[in-house]
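Structure file protein.pdb (PDB, C-alpha atoms) is printed below.
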ATOM      1  CA  MET A  25     -17.160  -3.862  15.553
ATOM      2  CA  ASP A  26     -14.750  -6.476  14.210
ATOM      3  CA  LEU A  27     -14.572  -4.697  10.832
ATOM      4  CA  VAL A  28     -13.893  -1.344  12.525
ATOM      5  CA  LEU A  29     -11.001  -2.851  14.459
ATOM      6  CA  ILE A  30      -9.579  -4.402  11.302
ATOM      7  CA  PHE A  31      -9.863  -1.040   9.537
ATOM      8  CA  ILE A  32      -8.185   0.991  12.298
ATOM      9  CA  SER A  33      -5.502  -1.623  12.769
ATOM     10  CA  ALA A  34      -4.560  -1.834   9.078
ATOM     11  CA  ALA A  35      -4.853   1.884   8.327
ATOM     12  CA  ILE A  36      -3.089   3.342  11.350
ATOM     13  CA  VAL A  37      -1.718   0.969  13.985
ATOM     14  CA  ASN A  38      -0.231  -1.619  11.610
ATOM     15  CA  ASN A  39       0.245   0.662   8.617
ATOM     16  CA  PHE A  40       1.741  -1.379   5.782
ATOM     17  CA  VAL A  41       4.359   1.246   4.909
ATOM     18  CA  LEU A  42       5.307   2.575   8.315
ATOM     19  CA  SER A  43       4.959  -0.562  10.452
ATOM     20  CA  TYR A  44       5.559  -3.503   8.091
ATOM     21  CA  PHE A  45       7.761  -1.536   5.649
ATOM     22  CA  LEU A  46       5.859  -2.892   2.656
ATOM     23  CA  GLY A  47       5.514  -0.634  -0.385
ATOM     24  CA  ILE A  48       8.612   1.450   0.323
ATOM     25  CA  CYS A  49       9.498   1.962  -3.376
ATOM     26  CA  PRO A  50       6.456   4.093  -4.247
ATOM     27  CA  PHE A  51       6.522   5.611  -0.745
ATOM     28  CA  LEU A  52       9.949   7.085  -1.422
ATOM     29  CA  GLY A  53       9.630   7.529  -5.186
ATOM     30  CA  VAL A  54       6.201   9.131  -5.633
ATOM     31  CA  SER A  55       5.942  11.074  -2.418
ATOM     32  CA  ASN A  56       7.567  14.276  -3.633
ATOM     33  CA  LYS A  57       4.321  16.002  -4.710
ATOM     34  CA  LEU A  58       0.994  15.755  -2.918
ATOM     35  CA  ASP A  59      -1.154  15.362  -6.051
ATOM     36  CA  LYS A  60       0.995  12.494  -7.358
ATOM     37  CA  ALA A  61       0.981  10.837  -3.936
ATOM     38  CA  LEU A  62      -2.791  11.067  -3.699
ATOM     39  CA  SER A  63      -3.225   9.639  -7.213
ATOM     40  CA  MET A  64      -0.809   6.786  -6.550
ATOM     41  CA  GLY A  65      -2.547   6.102  -3.255
ATOM     42  CA  ALA A  66      -5.942   5.979  -4.952
ATOM     43  CA  ALA A  67      -4.695   3.627  -7.685
ATOM     44  CA  THR A  68      -3.011   1.378  -5.134
ATOM     45  CA  THR A  69      -6.107   1.385  -2.906
ATOM     46  CA  PHE A  70      -8.232   0.333  -5.866
ATOM     47  CA  VAL A  71      -5.861  -2.543  -6.629
ATOM     48  CA  LEU A  72      -5.673  -3.521  -2.941
ATOM     49  CA  VAL A  73      -9.457  -3.721  -2.560
ATOM     50  CA  LEU A  74      -9.956  -5.651  -5.794
ATOM     51  CA  SER A  75      -7.074  -7.998  -5.109
ATOM     52  CA  ALA A  76      -8.339  -8.647  -1.567
ATOM     53  CA  ALA A  77     -11.709  -9.689  -2.974
ATOM     54  CA  VAL A  78     -10.429 -11.719  -5.920
ATOM     55  CA  THR A  79      -7.633 -13.474  -4.031
ATOM     56  CA  TRP A  80     -10.070 -14.424  -1.245
ATOM     57  CA  LEU A  81     -12.412 -15.933  -3.813
ATOM     58  CA  ILE A  82      -9.610 -17.839  -5.537
ATOM     59  CA  ASN A  83      -8.119 -19.024  -2.262
ATOM     60  CA  ASN A  84     -11.350 -20.091  -0.566
ATOM     61  CA  LEU A  85     -13.358 -21.337  -3.540
ATOM     62  CA  LEU A  86     -10.630 -22.878  -5.667
ATOM     63  CA  LEU A  87      -7.330 -23.517  -3.906
ATOM     64  CA  ILE A  88      -8.349 -24.685  -0.423
ATOM     65  CA  PRO A  89     -11.256 -26.959  -1.501
ATOM     66  CA  ASN A  90      -8.998 -28.645  -4.066
ATOM     67  CA  ASN A  91      -6.091 -28.961  -1.617
ATOM     68  CA  LEU A  92      -3.898 -26.600  -3.673
ATOM     69  CA  PRO A  93      -2.763 -23.962  -1.136
ATOM     70  CA  PHE A  94       0.804 -24.248  -2.460
ATOM     71  CA  LEU A  95      -0.404 -22.311  -5.530
ATOM     72  CA  GLN A  96      -1.269 -19.214  -3.482
ATOM     73  CA  TYR A  97       1.809 -17.217  -4.427
ATOM     74  CA  VAL A  98       1.494 -17.884  -8.138
ATOM     75  CA  SER A  99      -2.236 -17.279  -8.315
ATOM     76  CA  PHE A 100      -2.045 -14.128  -6.170
ATOM     77  CA  ILE A 101       0.731 -12.681  -8.338
ATOM     78  CA  ILE A 102      -1.256 -13.382 -11.519
ATOM     79  CA  VAL A 103      -4.339 -11.684 -10.046
ATOM     80  CA  ILE A 104      -2.333  -8.645  -8.926
ATOM     81  CA  ALA A 105      -0.569  -8.274 -12.282
ATOM     82  CA  SER A 106      -3.890  -8.508 -14.128
ATOM     83  CA  LEU A 107      -5.542  -5.902 -11.907
ATOM     84  CA  VAL A 108      -2.634  -3.491 -12.313
ATOM     85  CA  GLN A 109      -2.843  -3.858 -16.088
ATOM     86  CA  PHE A 110      -6.542  -3.032 -15.858
ATOM     87  CA  VAL A 111      -5.821   0.105 -13.790
ATOM     88  CA  GLU A 112      -3.037   1.133 -16.151
ATOM     89  CA  MET A 113      -5.277   0.791 -19.239
ATOM     90  CA  PHE A 114      -8.072   2.699 -17.484
ATOM     91  CA  MET A 115      -5.769   5.576 -16.493
ATOM     92  CA  ARG A 116      -4.139   5.744 -19.931
ATOM     93  CA  LYS A 117      -7.586   6.002 -21.544
ATOM     94  CA  PHE A 118      -9.376   8.364 -19.135
ATOM     95  CA  THR A 119      -6.637  10.379 -17.364
ATOM     96  CA  PRO A 120      -3.607  10.650 -19.689
ATOM     97  CA  PRO A 121      -1.897  13.495 -17.763
ATOM     98  CA  LEU A 122      -2.081  11.511 -14.541
ATOM     99  CA  TYR A 123      -0.898   8.396 -16.350
ATOM    100  CA  ARG A 124       2.147  10.298 -17.649
ATOM    101  CA  SER A 125       2.890  11.944 -14.292
ATOM    102  CA  LEU A 126       2.984   8.612 -12.436
ATOM    103  CA  GLY A 127       5.352   7.236 -15.059
ATOM    104  CA  ILE A 128       7.176   4.059 -14.137
ATOM    105  CA  TYR A 129       5.569   3.893 -10.694
ATOM    106  CA  LEU A 130       2.178   2.860 -12.067
ATOM    107  CA  PRO A 131       3.347  -0.484 -13.513
ATOM    108  CA  LEU A 132       5.446  -0.924 -10.374
ATOM    109  CA  ILE A 133       2.224  -1.397  -8.402
ATOM    110  CA  THR A 134       2.476  -4.955  -9.727
ATOM    111  CA  THR A 135       5.670  -5.485  -7.752
ATOM    112  CA  ASN A 136       4.452  -3.528  -4.728
ATOM    113  CA  CYS A 137       4.981  -5.996  -1.930
ATOM    114  CA  ALA A 138       2.148  -4.375   0.058
ATOM    115  CA  ILE A 139      -0.386  -5.892  -2.323
ATOM    116  CA  LEU A 140       1.066  -9.403  -2.164
ATOM    117  CA  GLY A 141       1.476  -8.962   1.597
ATOM    118  CA  LEU A 142      -2.202  -8.075   1.876
ATOM    119  CA  ALA A 143      -3.291 -11.194   0.006
ATOM    120  CA  LEU A 144      -1.024 -13.451   2.054
ATOM    121  CA  LEU A 145      -1.947 -11.843   5.397
ATOM    122  CA  SER A 146      -5.656 -12.191   4.604
ATOM    123  CA  ALA A 147      -5.177 -15.894   3.929
ATOM    124  CA  LEU A 148      -2.942 -16.363   6.978
ATOM    125  CA  ARG A 149      -5.422 -14.640   9.293
ATOM    126  CA  ASN A 150      -8.350 -16.624   7.849
ATOM    127  CA  TYR A 151     -10.409 -13.502   7.176
ATOM    128  CA  ASN A 152     -13.848 -13.987   5.680
ATOM    129  CA  PHE A 153     -14.795 -12.147   2.491
ATOM    130  CA  SER A 154     -16.014  -8.919   4.131
ATOM    131  CA  GLN A 155     -13.041  -8.841   6.500
ATOM    132  CA  SER A 156     -10.667  -9.267   3.552
ATOM    133  CA  VAL A 157     -12.268  -6.416   1.607
ATOM    134  CA  VAL A 158     -12.211  -4.112   4.653
ATOM    135  CA  PHE A 159      -8.600  -5.118   5.268
ATOM    136  CA  GLY A 160      -7.763  -4.211   1.653
ATOM    137  CA  LEU A 161      -9.551  -0.867   1.893
ATOM    138  CA  ALA A 162      -7.878  -0.051   5.203
ATOM    139  CA  ALA A 163      -4.448  -1.010   3.884
ATOM    140  CA  GLY A 164      -5.042   1.289   0.900
ATOM    141  CA  VAL A 165      -6.206   4.152   3.107
ATOM    142  CA  GLY A 166      -3.151   3.669   5.315
ATOM    143  CA  PHE A 167      -0.870   3.539   2.278
ATOM    144  CA  THR A 168      -2.431   6.734   0.905
ATOM    145  CA  LEU A 169      -2.175   8.405   4.303
ATOM    146  CA  ALA A 170       1.529   7.569   4.578
ATOM    147  CA  LEU A 171       2.188   8.772   1.007
ATOM    148  CA  CYS A 172       0.315  12.042   1.541
ATOM    149  CA  ILE A 173       1.973  12.791   4.880
ATOM    150  CA  MET A 174       5.375  12.154   3.355
ATOM    151  CA  ALA A 175       4.547  14.264   0.276
ATOM    152  CA  GLY A 176       3.368  17.167   2.432
ATOM    153  CA  ILE A 177       6.561  17.060   4.466
ATOM    154  CA  ARG A 178       8.747  16.790   1.358
ATOM    155  CA  GLU A 179       7.012  19.775  -0.253
ATOM    156  CA  GLU A 180       7.818  21.804   2.864
ATOM    157  CA  LEU A 181      11.398  20.499   2.894
ATOM    158  CA  ASP A 182      11.892  21.965  -0.586
ATOM    159  CA  LEU A 183      11.582  25.394   1.056
ATOM    160  CA  ALA A 184      13.703  24.587   4.129
ATOM    161  CA  PRO A 185      17.417  25.364   4.484
ATOM    162  CA  ILE A 186      18.709  21.791   4.602
ATOM    163  CA  PRO A 187      22.482  21.258   4.894
ATOM    164  CA  GLU A 188      23.979  20.102   1.603
ATOM    165  CA  PRO A 189      24.943  16.564   2.746
ATOM    166  CA  PHE A 190      21.347  15.888   3.836
ATOM    167  CA  LYS A 191      19.590  17.047   0.663
ATOM    168  CA  GLY A 192      17.716  14.460  -1.403
ATOM    169  CA  ALA A 193      17.668  10.846  -0.281
ATOM    170  CA  PRO A 194      19.257  11.309   3.172
ATOM    171  CA  ILE A 195      16.618  13.735   4.479
ATOM    172  CA  THR A 196      13.878  11.629   2.885
ATOM    173  CA  LEU A 197      15.081   8.529   4.728
ATOM    174  CA  ILE A 198      15.384  10.456   8.000
ATOM    175  CA  VAL A 199      11.812  11.730   7.643
ATOM    176  CA  ALA A 200      10.585   8.228   6.765
ATOM    177  CA  GLY A 201      12.245   6.859   9.899
ATOM    178  CA  LEU A 202      10.701   9.563  12.069
ATOM    179  CA  LEU A 203       7.270   8.887  10.556
ATOM    180  CA  ALA A 204       7.687   5.170  11.262
ATOM    181  CA  LEU A 205       8.575   5.960  14.871
ATOM    182  CA  ALA A 206       5.537   8.190  15.184
ATOM    183  CA  PHE A 207       3.226   5.505  13.809
ATOM    184  CA  MET A 208       4.765   2.913  16.120
ATOM    185  CA  GLY A 209       3.388   5.021  18.969
ATOM    186  CA  PHE A 210      -0.125   4.028  17.915
ATOM    187  CA  ALA A 211       0.633   0.438  18.880
ATOM    188  CA  GLY A 212       1.139   1.495  22.494
ATOM    189  CA  LEU A 213       3.692   0.324  24.951
ATOM    190  CA  ILE A 214       4.242  -3.329  25.679
ATOM    191  CA  SER A 215       5.055  -3.854  29.321
ATOM    192  CA  GLY A 216       7.625  -6.505  30.010
TER     193      GLY A 216
END

Could you take the file, read its structure, and then write that structure out as structure tokens?
Amino acid sequence: MDLVLIFISAAIVNNFVLSYFLGICPFLGVSNKLDKALSMGAATTFVLVLSAAVTWLINNLLLIPNNLPFLQYVSFIIVIASLVQFVEMFMRKFTPPLYRSLGIYLPLITTNCAILGLALLSALRNYNFSQSVVFGLAAGVGFTLALCIMAGIREELDLAPIPEPFKGAPITLIVAGLLALAFMGFAGLISG
């Protein structure tokens, strides 16, 4: 039951993009077409799951036992950069059209703060290995969900009569704000 709660919390209630505002660059940059958003979401989910597992192992088997927790940032960034390079080489070799369509946003997964945020939140919350992996999967599913919702809306906005001053970035930011408000509703109301 604990893993289910972690999954629902990370994917929907505390969505990295729409609640924590982590990973906004690809959210706004790649979310103009549904197929690109889905591909970017899948690549990011893969990196999130792998980095959750590898950073947990490094943190709990190497850094904490040797009293080196101050090296978390550096080691997590190295792990994330290495995993993104692996994904990039894999996509270039096996799916060249997808690799070309994602363009600059694929290497930018390295600097996606959602991935570093995941590694740091897992360590901060003292998740065990399975909880960390589920947290990574849920964060990736939530990231993909946010990207796909935004892409679907933006594809429809291409056909809508939008006033000239709101075309492009302004309407995208308005939609992103409305989506964030909608996802905040999942957290419920806090009575004061």

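Between Val165 (chain A) and the candidates A:Val78, A:Val199, A:Ala66, A:Ala184, the tightest atom-to-atom separation, counting all atoms listed in the file, involves A:Ala66.
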
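One finds CA of Val71 (chain A) at 6.3 Å from CA of Leu107 (chain A).
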
(request) Between A:Tyr129, A:Phe45, A:Phe100, A:Phe159, single out the one closest to Thr69 (chain A), counting all atoms listed in the file. (result) A:Phe159

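Interatomic distance, CA of Ile101 (chain A) against CA of Leu140 (chain A): 7.0 Å.
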
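Rounded to one decimal, CA of Leu171 (chain A) and CA of Phe40 (chain A) lie 11.2 Å from each other.
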
(request) List, as number ranges by chain, every residue that the PyMOL selection byres ((chain A and resi 125) around 12) selects in the file provided. (result) A: 54, 56-57, 59-61, 63-64, 115-116, 119-124, 126-130

(message) For the PyMOL selection byres ((chain A and resi 35-39) around 8), applied here, can you spell out every residue it catches as a PyMOL selection string?
(response) chain A and resi 31-34+40-44+162-167+207-208+210-211

(request) Would you list the contacts of Thr135 (chain A) as a ChimeraX atom specification, taking every protein, DNA or RNA residue within 10 Å and counting all atoms listed in the file, but skipping same-chain residues closer than 3 positions in sequence? (result) /A:47,49,101,104-105,108,129,131-132,138-140

(request) Identify all residues satisfying the PyMOL selection byres ((chain A and resi 156) around 12) in the given file; provide them as a ChimeraX atom specification. (result) /A:26-27,30-31,34,72-81,83-84,142-155,157-163

(message) Nearest residue to Ala193 (chain A) out of A:Pro93, A:Leu181, A:Gly176, A:Val28, using only C-alpha atoms?
(response) A:Leu181

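With distances restricted to only C-alpha atoms, A:Glu179 is the closest residue to Leu58 (chain A) from A:Glu179, A:Met113, A:Glu188, A:Ile102.
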
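Among the candidates A:Leu52, A:Gly212, A:Leu29, A:Ile88, the residue lying nearest to Ile195 (chain A) is A:Leu52 (atoms considered: all atoms listed in the file).
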
(request) Tell me which of A:Lys191, A:Ala206, A:Pro50, A:Leu183 sits closest to Thr134 (chain A), counting only C-alpha atoms. (result) A:Pro50

Using all atoms of region 190-202 of chain A listed in the file and a margin of 5 Å per side, can you give the axis-aligned box centre and edge lengths in Å to one decimal, as JSON?
{"center_x": 16.0, "center_y": 12.0, "center_z": 5.3, "size_x": 20.8, "size_y": 20.2, "size_z": 23.5}
